[in-house]
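Trainee: Dropping in structure_5.txt, which is compact mmCIF, C-alpha atoms and all ligand atoms:
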# COMPACT_ATOMS: atom_id res chain seq x y z
CA MET T 1 126.81 186.43 -31.55
CA PRO T 2 123.63 187.46 -33.37
CA LEU T 3 120.90 189.32 -31.54
CA GLU T 4 118.17 186.95 -30.47
CA LEU T 5 114.62 187.91 -29.64
CA THR T 6 112.15 185.58 -27.93
CA ALA T 7 108.62 186.92 -27.70
CA ALA T 8 105.07 185.66 -27.84
CA ARG T 9 104.14 188.40 -30.29
CA ALA T 10 107.38 189.49 -31.91
CA ASP T 11 107.26 193.08 -33.10
CA PRO T 12 109.84 194.00 -35.76
CA ALA T 13 109.95 197.55 -34.36
CA LEU T 14 111.85 196.06 -31.43
CA LEU T 15 114.83 195.55 -33.71
CA ASP T 16 115.16 199.34 -34.10
CA LEU T 17 116.05 199.81 -30.43
CA PRO T 18 119.71 200.52 -29.60
CA TRP T 19 120.55 197.06 -28.25
CA SER T 20 124.29 197.59 -28.72
CA VAL T 21 124.23 200.34 -26.07
CA PRO T 22 124.06 199.56 -22.30
CA LEU T 23 120.50 200.25 -21.14
CA ALA T 24 121.65 202.95 -18.69
CA ASP T 25 123.02 204.97 -21.64
CA TRP T 26 119.97 204.84 -23.93
CA PRO T 27 119.16 208.27 -25.35
CA ALA T 28 116.42 210.12 -23.50
CA ASP T 29 114.33 210.56 -26.65
CA ARG T 30 113.73 206.80 -26.77
CA LEU T 31 112.55 206.63 -23.18
CA ALA T 32 109.13 207.15 -21.60
CA ALA T 33 109.43 209.10 -18.35
CA LEU T 34 107.15 207.15 -16.00
CA PRO T 35 107.53 206.57 -12.27
CA ARG T 36 109.77 203.64 -11.40
CA GLY T 37 110.60 201.86 -8.16
CA ILE T 38 114.05 201.19 -6.76
CA SER T 39 115.89 198.13 -8.04
CA ARG T 40 119.32 196.57 -8.39
CA HIS T 41 119.06 196.16 -12.14
CA THR T 42 118.75 198.95 -14.65
CA VAL T 43 115.12 199.34 -15.72
CA ARG T 44 113.88 201.74 -18.41
CA PHE T 45 110.53 202.36 -20.11
CA VAL T 46 110.42 202.56 -23.89
CA ARG T 47 107.62 203.31 -26.31
CA VAL T 48 107.41 200.69 -29.09
CA SER T 49 104.55 200.67 -31.64
CA ASN T 50 101.97 202.41 -29.44
CA ARG T 51 102.77 200.43 -26.32
CA VAL T 52 105.13 201.09 -23.46
CA LEU T 53 107.53 198.33 -22.49
CA ALA T 54 109.56 198.03 -19.31
CA ILE T 55 113.07 196.79 -20.10
CA LYS T 56 115.24 195.25 -17.39
CA GLU T 57 118.92 194.50 -18.07
CA ILE T 58 119.76 191.19 -16.44
CA LYS T 59 121.81 187.98 -16.98
CA VAL T 60 120.39 185.88 -19.76
CA ASP T 61 119.52 182.80 -17.71
CA LEU T 62 117.71 184.95 -15.13
CA ALA T 63 115.86 186.83 -17.88
CA ARG T 64 114.66 183.57 -19.44
CA ARG T 65 113.66 182.14 -16.10
CA GLU T 66 111.72 185.24 -15.05
CA TYR T 67 110.04 185.42 -18.47
CA ALA T 68 108.90 181.80 -18.22
CA MET T 69 107.71 182.34 -14.64
CA LEU T 70 105.67 185.42 -15.57
CA ARG T 71 104.13 183.48 -18.46
CA ASN T 72 103.02 180.78 -16.03
CA LEU T 73 101.56 183.30 -13.60
CA GLU T 74 99.78 185.02 -16.45
CA ARG T 75 98.26 181.72 -17.58
CA MET T 76 96.96 181.21 -14.07
CA ASP T 77 95.27 184.60 -14.23
CA LEU T 78 97.30 186.01 -11.37
CA PRO T 79 97.88 189.76 -11.10
CA CYS T 80 101.40 190.36 -12.38
CA VAL T 81 103.15 192.36 -15.08
CA GLU T 82 102.69 190.92 -18.54
CA PRO T 83 105.83 189.30 -19.98
CA PHE T 84 106.68 190.43 -23.50
CA GLY T 85 110.00 188.89 -24.44
CA VAL T 86 113.71 188.39 -23.92
CA VAL T 87 116.49 189.95 -25.98
CA SER T 88 119.86 188.20 -25.78
CA GLY T 89 123.12 188.04 -27.71
CA ARG T 90 123.66 191.81 -27.29
CA GLN T 91 127.10 193.27 -27.81
CA THR T 92 128.70 196.68 -28.19
CA PRO T 93 130.01 197.76 -31.62
CA ASP T 94 133.52 196.72 -30.55
CA GLY T 95 132.33 193.25 -29.58
CA GLN T 96 131.94 193.54 -25.78
CA PRO T 97 129.07 191.32 -24.63
CA LEU T 98 126.13 193.02 -22.89
CA ASP T 99 123.56 191.50 -20.50
CA ALA T 100 120.23 190.31 -21.85
CA CYS T 101 117.01 192.26 -21.45
CA LEU T 102 113.69 191.12 -20.03
CA LEU T 103 110.77 192.93 -21.65
CA THR T 104 107.44 193.32 -19.88
CA ARG T 105 104.48 195.47 -20.79
CA HIS T 106 104.29 198.58 -18.68
CA LEU T 107 101.37 198.04 -16.31
CA GLN T 108 99.09 200.92 -17.19
CA TYR T 109 98.02 203.30 -14.41
CA SER T 110 100.19 201.49 -11.92
CA LEU T 111 102.47 203.21 -9.49
CA PRO T 112 105.38 202.06 -7.39
CA TYR T 113 104.68 202.73 -3.71
CA ARG T 114 107.20 205.56 -3.59
CA ALA T 115 105.17 207.48 -6.14
CA LEU T 116 101.96 207.14 -4.17
CA TYR T 117 102.54 210.05 -1.85
CA SER T 118 103.60 213.59 -2.57
CA GLN T 119 105.31 214.61 0.69
CA SER T 120 105.10 211.85 3.23
CA LEU T 121 103.40 208.49 3.43
CA ARG T 122 100.39 208.60 5.74
CA PRO T 123 99.94 205.60 8.02
CA ASP T 124 96.53 204.79 6.57
CA THR T 125 97.93 204.81 3.03
CA ALA T 126 100.70 202.48 4.17
CA GLN T 127 98.05 200.22 5.69
CA ARG T 128 96.01 200.14 2.52
CA LEU T 129 99.11 199.25 0.49
CA ILE T 130 99.86 196.44 2.91
CA ASP T 131 96.26 195.19 2.76
CA ALA T 132 96.48 195.02 -1.03
CA LEU T 133 99.81 193.21 -0.81
CA ALA T 134 98.29 190.69 1.64
CA VAL T 135 95.54 189.85 -0.87
CA LEU T 136 98.13 189.45 -3.62
CA LEU T 137 100.29 187.18 -1.46
CA VAL T 138 97.34 184.98 -0.50
CA ARG T 139 96.34 184.65 -4.15
CA LEU T 140 99.87 183.71 -5.18
CA HIS T 141 100.14 181.18 -2.37
CA LEU T 142 96.80 179.59 -3.19
CA ALA T 143 98.16 179.04 -6.69
CA GLY T 144 101.36 177.45 -5.33
CA PHE T 145 103.71 180.36 -6.02
CA TRP T 146 106.45 180.98 -3.49
CA TRP T 147 107.68 184.51 -4.09
CA GLY T 148 110.90 184.67 -2.09
CA ASP T 149 111.25 188.44 -2.35
CA VAL T 150 107.96 189.93 -1.19
CA SER T 151 108.26 193.67 -0.71
CA LEU T 152 106.53 196.94 -1.50
CA SER T 153 109.26 197.62 -4.10
CA ASN T 154 108.47 194.42 -5.94
CA THR T 155 104.79 195.27 -6.13
CA LEU T 156 102.94 197.75 -8.30
CA PHE T 157 99.75 199.40 -7.11
CA ARG T 158 96.70 200.58 -8.95
CA ARG T 159 94.23 202.84 -7.24
CA ASP T 160 90.98 201.02 -6.72
CA ALA T 161 88.07 203.01 -5.26
CA GLY T 162 89.88 204.43 -2.24
CA ALA T 163 91.93 201.26 -1.80
CA PHE T 164 94.64 199.67 -3.93
CA ALA T 165 95.01 196.61 -6.11
CA ALA T 166 98.46 195.02 -5.99
CA TYR T 167 100.38 193.40 -8.85
CA LEU T 168 103.58 191.37 -8.73
CA VAL T 169 106.39 193.00 -10.69
CA ASP T 170 109.52 191.02 -9.80
CA ALA T 171 109.30 187.22 -10.15
CA GLU T 172 113.06 186.61 -10.26
CA THR T 173 113.21 184.61 -7.02
CA GLY T 174 109.85 182.85 -7.34
CA GLU T 175 109.13 179.13 -7.52
CA LEU T 176 105.96 177.35 -8.59
CA ARG T 177 104.86 174.20 -6.76
CA ALA T 178 101.70 172.13 -6.85
CA THR T 179 100.92 173.43 -3.36
CA LEU T 180 102.87 175.26 -0.69
CA SER T 181 103.46 173.89 2.79
CA THR T 182 102.63 176.02 5.83
CA GLY T 183 106.38 176.41 6.39
CA GLN T 184 106.92 177.79 2.90
CA ARG T 185 104.04 180.24 3.25
CA GLU T 186 105.29 181.38 6.65
CA HIS T 187 108.76 181.86 5.20
CA ASP T 188 107.39 184.17 2.50
CA LEU T 189 105.35 186.02 5.10
CA GLU T 190 108.43 186.58 7.26
CA ILE T 191 110.34 187.89 4.22
CA ALA T 192 107.42 190.24 3.55
CA ARG T 193 107.35 191.53 7.12
CA VAL T 194 111.10 192.14 7.29
CA ASN T 195 111.24 193.79 3.86
CA ILE T 196 108.26 196.05 4.56
CA ALA T 197 109.70 197.07 7.94
CA GLY T 198 112.98 197.89 6.18
CA GLU T 199 111.25 199.89 3.47
CA LEU T 200 109.25 201.88 6.00
CA MET T 201 112.34 202.53 8.15
CA ASP T 202 114.05 203.77 5.06
CA LEU T 203 111.19 206.22 4.42
CA ASP T 204 111.26 207.21 8.10
CA ALA T 205 114.98 207.97 8.00
CA GLY T 206 114.43 210.20 4.99
CA GLY T 207 111.57 212.01 6.75
CA TYR T 208 109.00 210.53 4.37
CA LEU T 209 106.91 208.68 6.92
CA GLU T 210 104.47 210.60 9.10
CA ASP T 211 105.75 210.80 12.68
CA VAL T 212 102.92 208.85 14.22
CA ALA T 213 103.75 205.66 12.34
CA ASP T 214 106.06 203.06 13.82
CA PRO T 215 107.59 201.06 10.93
CA ILE T 216 107.76 197.80 12.88
CA GLU T 217 104.18 198.09 14.06
CA VAL T 218 102.85 198.96 10.60
CA SER T 219 104.78 196.06 9.05
CA GLU T 220 103.12 193.58 11.45
CA ARG T 221 99.89 194.27 9.63
CA ILE T 222 100.94 192.14 6.68
CA VAL T 223 101.06 189.10 8.98
CA ASP T 224 97.63 189.73 10.56
CA ARG T 225 95.97 190.53 7.27
CA TYR T 226 97.46 187.58 5.47
CA ARG T 227 96.61 185.07 8.21
CA SER T 228 93.01 186.16 8.61
CA LEU T 229 92.38 186.14 4.87
CA TRP T 230 94.06 182.75 4.46
CA LEU T 231 91.92 181.30 7.22
CA ALA T 232 88.70 182.76 5.89
CA LEU T 233 89.44 181.25 2.48
CA THR T 234 90.69 177.82 3.44
CA GLU T 235 89.50 176.92 6.95
CA SER T 236 87.28 173.86 7.33
CA GLU T 237 84.09 174.25 9.36
CA ARG T 238 81.96 171.66 11.10
CA PHE T 239 78.32 172.06 12.08
CA GLU T 240 75.14 170.17 12.79
CA THR T 241 73.32 168.78 9.76
CA GLY T 242 70.34 170.98 10.64
CA ASP T 243 72.43 174.13 10.25
CA ARG T 244 72.75 173.84 6.50
CA TRP T 245 72.30 177.56 6.06
CA ARG T 246 75.88 177.82 7.21
CA VAL T 247 77.04 176.57 3.80
CA GLU T 248 75.31 179.53 2.15
CA GLU T 249 76.65 181.79 4.82
CA ARG T 250 80.22 180.66 4.23
CA ILE T 251 79.84 181.30 0.51
CA ARG T 252 78.46 184.77 1.20
CA ARG T 253 81.32 185.58 3.57
CA LEU T 254 83.81 184.59 0.92
CA ASN T 255 81.96 186.68 -1.67
CA ASP T 256 82.14 189.65 0.67
CA LEU T 257 85.89 189.21 0.81
CA GLY T 258 85.90 189.33 -2.98
CA PHE T 259 86.27 185.60 -3.71
CA ASP T 260 84.14 182.95 -5.38
CA ILE T 261 84.19 179.31 -4.44
CA ASP T 262 85.04 177.17 -7.42
CA GLU T 263 85.12 173.92 -5.54
CA LEU T 264 83.77 173.15 -2.10
CA ALA T 265 84.49 169.87 -0.29
CA MET T 266 81.58 168.75 1.82
CA SER T 267 81.40 165.60 3.95
CA THR T 268 79.29 164.22 6.80
CA ASP T 269 80.43 162.07 9.69
CA LEU T 270 79.40 158.41 9.87
CA ASP T 271 76.04 158.86 11.58
CA GLY T 272 75.30 161.92 9.48
CA THR T 273 74.78 164.36 12.33
CA THR T 274 77.49 166.82 11.39
CA ILE T 275 78.63 168.32 8.10
CA GLN T 276 82.13 169.49 7.35
CA ILE T 277 82.86 171.99 4.58
CA GLN T 278 86.11 173.32 3.24
CA PRO T 279 86.67 175.58 0.23
CA LYS T 280 89.06 173.77 -2.14
CA VAL T 281 89.42 176.17 -5.04
CA VAL T 282 88.67 179.86 -4.60
CA ASP T 283 88.88 182.52 -7.24
CA ALA T 284 89.47 186.23 -6.62
CA GLY T 285 87.44 188.89 -8.41
CA HIS T 286 83.90 188.10 -7.24
CA HIS T 287 82.61 191.66 -7.56
CA SER T 288 84.35 192.57 -10.77
CA ARG T 289 83.07 189.36 -12.39
CA ARG T 290 79.53 190.05 -11.22
CA LEU T 291 79.61 193.62 -12.49
CA LEU T 292 81.07 192.50 -15.82
CA ARG T 293 78.39 189.85 -16.20
CA LEU T 294 75.61 192.32 -15.42
CA THR T 295 76.79 195.44 -17.20
CA GLY T 296 79.83 194.73 -19.34
CA LEU T 297 81.86 197.19 -17.24
CA ASP T 298 85.34 195.84 -16.61
CA VAL T 299 86.84 197.44 -13.51
CA GLU T 300 88.95 196.51 -10.48
CA GLU T 301 87.41 194.69 -7.52
CA ASN T 302 86.74 197.58 -5.12
CA GLN T 303 85.43 199.86 -7.82
CA ALA T 304 83.10 197.06 -8.89
CA ARG T 305 81.95 196.65 -5.29
CA ARG T 306 80.99 200.33 -5.19
CA LEU T 307 79.14 200.26 -8.48
CA LEU T 308 77.27 197.12 -7.43
CA ASN T 309 76.21 198.85 -4.21
CA ASP T 310 74.85 201.64 -6.30
CA LEU T 311 73.06 199.19 -8.53
CA ASP T 312 71.56 197.46 -5.48
CA SER T 313 70.29 200.73 -4.04
CA TYR T 314 68.81 201.61 -7.42
CA ARG T 315 67.03 198.29 -7.40
CA ALA T 316 65.66 198.91 -3.91
CA ALA T 317 64.73 202.52 -4.62
CA THR T 318 62.82 201.55 -7.76
CA ASP T 319 61.24 198.61 -5.91
CA ARG T 320 62.35 196.04 -8.46
CA GLN T 321 63.77 193.35 -6.16
CA ASN T 322 61.62 190.72 -7.83
CA GLU T 323 62.69 191.50 -11.39
CA SER T 324 65.57 189.83 -13.18
CA GLU T 325 68.84 191.32 -12.04
CA GLU T 326 70.10 191.55 -15.62
CA LEU T 327 67.18 193.70 -16.69
CA VAL T 328 67.53 196.05 -13.75
CA ALA T 329 71.27 196.28 -14.36
CA HIS T 330 70.68 197.26 -17.95
CA ASP T 331 68.26 200.01 -16.91
CA TRP T 332 70.68 201.21 -14.25
CA LEU T 333 73.43 201.40 -16.84
CA VAL T 334 71.32 203.41 -19.24
CA SER T 335 69.50 205.63 -16.76
CA VAL T 336 72.08 206.12 -14.00
CA TYR T 337 75.59 205.16 -15.02
CA GLU T 338 75.77 206.58 -18.52
CA PRO T 339 74.09 209.92 -17.76
CA THR T 340 76.41 210.30 -14.76
CA ILE T 341 79.47 209.69 -16.86
CA ARG T 342 78.14 211.99 -19.57
CA ALA T 343 77.34 214.65 -17.00
CA VAL T 344 80.93 214.95 -15.83
CA PRO T 345 81.83 218.45 -17.01
CA ARG T 346 84.52 218.50 -19.61
CA GLU T 347 86.99 220.43 -17.47
CA LEU T 348 86.54 217.91 -14.65
CA ALA T 349 86.64 214.88 -16.90
CA GLY T 350 90.28 215.74 -17.46
CA LYS T 351 90.88 215.46 -13.73
CA LEU T 352 89.29 212.04 -13.41
CA PRO T 353 91.97 209.39 -13.59
CA ASP T 354 91.64 207.63 -16.93
CA TYR T 355 91.28 204.23 -15.35
CA ALA T 356 88.05 205.39 -13.74
CA ARG T 357 86.42 205.52 -17.18
CA PRO T 358 85.95 202.45 -19.34
CA VAL T 359 87.22 203.02 -22.86
CA PHE T 360 84.50 200.84 -24.38
CA LEU T 361 81.02 199.99 -23.17
CA ARG T 362 79.13 197.10 -24.68
CA ILE T 363 75.53 196.71 -23.64
CA VAL T 364 74.23 193.16 -23.61
CA SER T 365 70.84 191.85 -22.65
CA THR T 366 72.08 188.49 -21.35
CA LEU T 367 75.48 187.05 -20.67
CA GLU T 368 76.37 183.40 -20.92
CA VAL T 369 77.71 181.98 -17.70
CA THR T 370 79.19 178.65 -16.65
CA GLY T 371 77.60 176.34 -14.07
CA THR T 372 79.43 178.24 -11.34
CA PHE T 373 78.24 181.61 -12.66
CA LYS T 374 81.48 182.63 -14.20
CA LEU T 375 81.30 184.67 -17.31
CA ARG T 376 82.04 182.91 -20.59
CA LYS T 377 84.52 185.52 -21.67
CA GLN T 378 86.26 183.92 -24.58
CA GLU T 379 83.77 184.87 -27.27
CA LEU T 380 83.34 188.35 -25.82
CA ALA T 381 87.09 188.80 -25.83
CA GLU T 382 87.31 187.62 -29.44
CA GLN T 383 84.57 189.98 -30.58
CA GLY T 384 86.20 192.78 -28.61
CA TYR T 385 84.79 196.13 -29.59
CA ASP T 386 84.23 195.30 -33.25
CA PRO T 387 80.69 196.45 -34.15
CA ALA T 388 80.73 194.17 -37.22
CA ARG T 389 80.88 191.13 -34.96
CA THR T 390 77.90 191.82 -32.72
CA ASP T 391 74.52 193.52 -32.75
CA ASP T 392 75.02 194.82 -29.21
CA PRO T 393 75.45 198.58 -29.03
CA ILE T 394 79.05 199.51 -28.25
CA TYR T 395 80.10 202.92 -27.00
CA PHE T 396 83.52 204.50 -27.17
CA ASP T 397 84.88 207.02 -24.67
CA ALA T 398 85.52 209.92 -27.01
CA ALA T 399 87.67 211.73 -24.46
CA LYS T 400 88.10 214.77 -26.71
CA GLU T 401 84.34 215.26 -26.90
CA GLY T 402 83.89 214.47 -23.22
CA ARG T 403 81.20 211.86 -23.86
CA TYR T 404 80.56 208.33 -25.03
CA GLU T 405 79.97 207.91 -28.74
CA ARG T 406 78.16 205.02 -30.41
CA LEU T 407 80.80 202.96 -32.15
CA ASP T 408 80.14 202.36 -35.85
CA PRO T 409 82.36 200.59 -38.41
CA PRO T 410 84.06 203.81 -39.67
CA LEU T 411 84.91 204.89 -36.12
CA HIS T 412 86.08 201.34 -35.38
CA GLN T 413 88.38 201.53 -38.40
CA ARG T 414 89.79 204.85 -37.22
CA ILE T 415 90.53 203.39 -33.78
CA ILE T 416 92.20 200.29 -35.24
CA GLY T 417 94.22 202.43 -37.64
CA GLY T 418 95.41 204.65 -34.81
CA GLY T 419 93.55 207.67 -36.23
CA GLU T 420 91.60 207.98 -33.00
CA ARG T 421 93.69 208.31 -29.87
CA LEU T 422 92.71 206.20 -26.86
N1 LIG E 501 106.06 196.06 -16.48
C1 LIG E 501 106.29 197.07 -15.62
N2 LIG E 501 105.36 198.05 -15.46
C2 LIG E 501 105.58 199.09 -14.62
N3 LIG E 501 106.71 199.23 -13.89
C3 LIG E 501 107.67 198.28 -14.01
C4 LIG E 501 107.51 197.16 -14.88
N4 LIG E 501 108.63 196.40 -14.80
C5 LIG E 501 109.44 197.03 -13.90
N5 LIG E 501 108.88 198.16 -13.45
C6 LIG E 501 109.45 199.11 -12.48
O1 LIG E 501 110.82 198.85 -12.33
C7 LIG E 501 111.14 198.56 -10.97
C8 LIG E 501 112.23 197.53 -10.88
O2 LIG E 501 111.84 196.30 -11.47
P1 LIG E 501 112.27 194.92 -10.76
O3 LIG E 501 111.80 194.90 -9.37
O4 LIG E 501 111.84 193.82 -11.66
O5 LIG E 501 113.87 195.06 -10.79
P2 LIG E 501 114.97 194.25 -9.97
O6 LIG E 501 116.27 194.88 -10.24
O7 LIG E 501 114.84 192.80 -10.29
O8 LIG E 501 114.54 194.47 -8.49
P3 LIG E 501 115.33 193.88 -7.19
O9 LIG E 501 116.26 194.95 -6.76
O10 LIG E 501 114.17 193.71 -6.23
O11 LIG E 501 115.95 192.59 -7.61
C9 LIG E 501 109.83 198.14 -10.36
O12 LIG E 501 109.77 198.43 -8.98
C10 LIG E 501 108.81 198.94 -11.12
O13 LIG E 501 108.65 200.22 -10.55
MG MG E 502 112.64 194.33 -7.63
Give the structure from this file in structure tokens form.
Ligand SMILES: Nc1ncnc2c1ncn2[C@@H]1O[C@H](COP(=O)(O)OP(=O)(O)OP(=O)(O)O)[C@@H](O)[C@H]1O
Ligand SMILES: [Mg+2]
Mentor:
Amino acid sequence: MPLELTAARADPALLDLPWSVPLADWPADRLAALPRGISRHTVRFVRVSNRVLAIKEIKVDLARREYAMLRNLERMDLPCVEPFGVVSGRQTPDGQPLDACLLTRHLQYSLPYRALYSQSLRPDTAQRLIDALAVLLVRLHLAGFWWGDVSLSNTLFRRDAGAFAAYLVDAETGELRATLSTGQREHDLEIARVNIAGELMDLDAGGYLEDVADPIEVSERIVDRYRSLWLALTESERFETGDRWRVEERIRRLNDLGFDIDELAMSTDLDGTTIQIQPKVVDAGHHSRRLLRLTGLDVEENQARRLLNDLDSYRAATDRQNESEELVAHDWLVSVYEPTIRAVPRELAGKLPDYARPVFLRIVSTLEVTGTFKLRKQELAEQGYDPARTDDPIYFDAAKEGRYERLDPPLHQRIIGGGERL
């Protein structure tokens, strides 16, 4: 059977990998040594044309199904690993068939939960991981995705300003529906609770959980967190027509939780004395979208929340509450953010995690937004960091120099050509 490769962006370099060898026996010089969670299937990381791919050896029908599922989740803008392709038709030189491989892009700066502690897992770290997982689960459920195997092992975590952002890594058991029933959501939640309790007991038995923590008690947190977030996002509220401010208040509460309302159902009773509101479509990423719109900085939600707080205090301290937010944000970027980043001493810059520094900064005076204040990203994404395609100044994090450099066409060429390392 010939080797078959299905991929959205097929890369011929993939054909050079040793597909006729079982994944567990691939030579070490092909592999990237990055932290990996526990799993039934063999998973390895491989560097291919400047990117790192995660390869999972798995039956062909499962590989195709998981690939298609991840593509759907990706289209819905949900936080999950990015599917790259499926390789099937593998066989050894003497004709023995080998399982197929599912290829995903390695999620940069992410860590499996077991790599998030050096000696033992502190209860508050465990809680923060669970909080991040609860947000992920709510987002998946809002989109109609039933996971079926919710666990810390099937989640990757990125540090996010003292908290974590969670990404789905294993979609093998998942199903997509138009909407999920309460029973289906509760089923997933119960799976999550049992799996997390098991994972924590496992750490406890190995002496990796701090004594004070009770695995069962800590695992209950997923249920509380999930339920309260779900309610805050979906609950319908009724109030007197005179109390209209409560609509604004509901929107603000959702914003504080990090969500935007995309669609709000509002109705009055027959005699018009009470109003009922219910969020219909909510979108995560309120703070990161706002920061991106104002400054062009693209960071995770909690980091964005912190930077926005700083921007707000700058606005108050400079007494510019009545000026356009965009203008103040631009001044903050130039007079606070950039000098701060530049001021990080070179020897310390190396200690800052890379994800804490944007690779490119593009400074814009206005940003186009939709009617619901979402950023029109498509054109920005197309222009990327190409200085030939915009007059906006673009800066590049020249890590070697320890500062941001103005990006000009020659430097852009060097970056594209791989002459400048990112
Ligand atoms: N794209 C990726 N980026 C980073 N790490 C990844 C990626 N894909 C897989 N991994 C790592 O490999 C581990 C195993 O992957 P996965 O959970 O998909 O395997 P599995 O065998 O299906 O798991 P299970 O035993 O739950 O069925 C993950 O926990 C994660 O640490
Ligand atoms: Mg798994």
Trainee: Go ahead and compute the interatomic distance for CA of Arg289 in chain T and CA of Gln378 in chain T, in Å to one decimal.
Mentor: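 Answer for the CA of Arg289 in chain T to CA of Gln378 in chain T separation: 13.7 Å.
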Trainee: List all protein, DNA and RNA residues that have at least one atom no more than 8 Å from any atom of ligand MG 502 (chain E), counting only C-alpha atoms and all ligand atoms, and write them as a list of chain:residue names.
Mentor: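 Sorted by chain and then by number, the residues are T:Gly37, T:Ile38, T:Ser39, T:Arg40, T:Ser153, T:Asn154, T:Val169, T:Asp170.
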Trainee: For range 321-327 of chain T, list every protein, DNA or RNA residue within 7 Å, evaluated using all atoms listed in the file, and leave out those in the same chain fewer than 3 positions away; present the list as a PyMOL selection string.
Mentor: chain T and resi 294+315-316+330-331+366
Trainee: Using all atoms listed in the file, find the one residue out of T:Met201, T:Leu15, T:Leu156, T:Leu3 that sits nearest to ligand LIG 501 (chain E).
Mentor: T:Leu156
Trainee: Please identify all protein, DNA and RNA residues within 10 Å of ligand LIG 501 (chain E), counting all atoms listed in the file, and report them as number ranges by chain.
Mentor: T: 34-45, 52-58, 62-63, 66, 80-84, 102-115, 149-157, 167-173
Trainee: Can you write out the residues you just picked, keeping C-alpha atoms, as a compact mmCIF listing (two decimals), in the coordinates of the input?
Mentor:
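part_26.txt, freshly written:
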# COMPACT_ATOMS: atom_id res chain seq x y z
CA LEU T 34 107.15 207.15 -16.00
CA PRO T 35 107.53 206.57 -12.27
CA ARG T 36 109.77 203.64 -11.40
CA GLY T 37 110.60 201.86 -8.16
CA ILE T 38 114.05 201.19 -6.76
CA SER T 39 115.89 198.13 -8.04
CA ARG T 40 119.32 196.57 -8.39
CA HIS T 41 119.06 196.16 -12.14
CA THR T 42 118.75 198.95 -14.65
CA VAL T 43 115.12 199.34 -15.72
CA ARG T 44 113.88 201.74 -18.41
CA PHE T 45 110.53 202.36 -20.11
CA VAL T 52 105.13 201.09 -23.46
CA LEU T 53 107.53 198.33 -22.49
CA ALA T 54 109.56 198.03 -19.31
CA ILE T 55 113.07 196.79 -20.10
CA LYS T 56 115.24 195.25 -17.39
CA GLU T 57 118.92 194.50 -18.07
CA ILE T 58 119.76 191.19 -16.44
CA LEU T 62 117.71 184.95 -15.13
CA ALA T 63 115.86 186.83 -17.88
CA GLU T 66 111.72 185.24 -15.05
CA CYS T 80 101.40 190.36 -12.38
CA VAL T 81 103.15 192.36 -15.08
CA GLU T 82 102.69 190.92 -18.54
CA PRO T 83 105.83 189.30 -19.98
CA PHE T 84 106.68 190.43 -23.50
CA LEU T 102 113.69 191.12 -20.03
CA LEU T 103 110.77 192.93 -21.65
CA THR T 104 107.44 193.32 -19.88
CA ARG T 105 104.48 195.47 -20.79
CA HIS T 106 104.29 198.58 -18.68
CA LEU T 107 101.37 198.04 -16.31
CA GLN T 108 99.09 200.92 -17.19
CA TYR T 109 98.02 203.30 -14.41
CA SER T 110 100.19 201.49 -11.92
CA LEU T 111 102.47 203.21 -9.49
CA PRO T 112 105.38 202.06 -7.39
CA TYR T 113 104.68 202.73 -3.71
CA ARG T 114 107.20 205.56 -3.59
CA ALA T 115 105.17 207.48 -6.14
CA ASP T 149 111.25 188.44 -2.35
CA VAL T 150 107.96 189.93 -1.19
CA SER T 151 108.26 193.67 -0.71
CA LEU T 152 106.53 196.94 -1.50
CA SER T 153 109.26 197.62 -4.10
CA ASN T 154 108.47 194.42 -5.94
CA THR T 155 104.79 195.27 -6.13
CA LEU T 156 102.94 197.75 -8.30
CA PHE T 157 99.75 199.40 -7.11
CA TYR T 167 100.38 193.40 -8.85
CA LEU T 168 103.58 191.37 -8.73
CA VAL T 169 106.39 193.00 -10.69
CA ASP T 170 109.52 191.02 -9.80
CA ALA T 171 109.30 187.22 -10.15
CA GLU T 172 113.06 186.61 -10.26
CA THR T 173 113.21 184.61 -7.02
Trainee: So which residues touch range 208-216 of chain T within 6 Å, counting all atoms listed in the file, skipping near sequence neighbours fewer than 6 positions away, as a list in words?
Mentor: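 Those residues are Ser120, Leu121, Arg122, Pro123, Ala197, Leu200 and Met201 of chain T.
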Trainee: Hey, can you check how far CA of His141 in chain T sits from CA of Lys280 in chain T?
Mentor: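 Result for CA of His141 in chain T versus CA of Lys280 in chain T: 13.3 Å, one decimal.
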Trainee: For a test of reading the model, state the distance in Å between CA of Leu311 in chain T and CA of Ile341 in chain T, rounded to one decimal.
Mentor: 14.9 Å
Trainee: Identify the residues within 9 Å of coordinate (83.5, 183.4, -14.2) (same frame as the file), considering only C-alpha atoms, and give the answer as a list in words.
Mentor: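 The requested residues, written out, are Asp260, Asp283, Gly285, His286, Arg289, Arg290, Arg293, Val369, Thr370, Thr372, Phe373, Lys374, Leu375, Arg376 and Lys377 of chain T.
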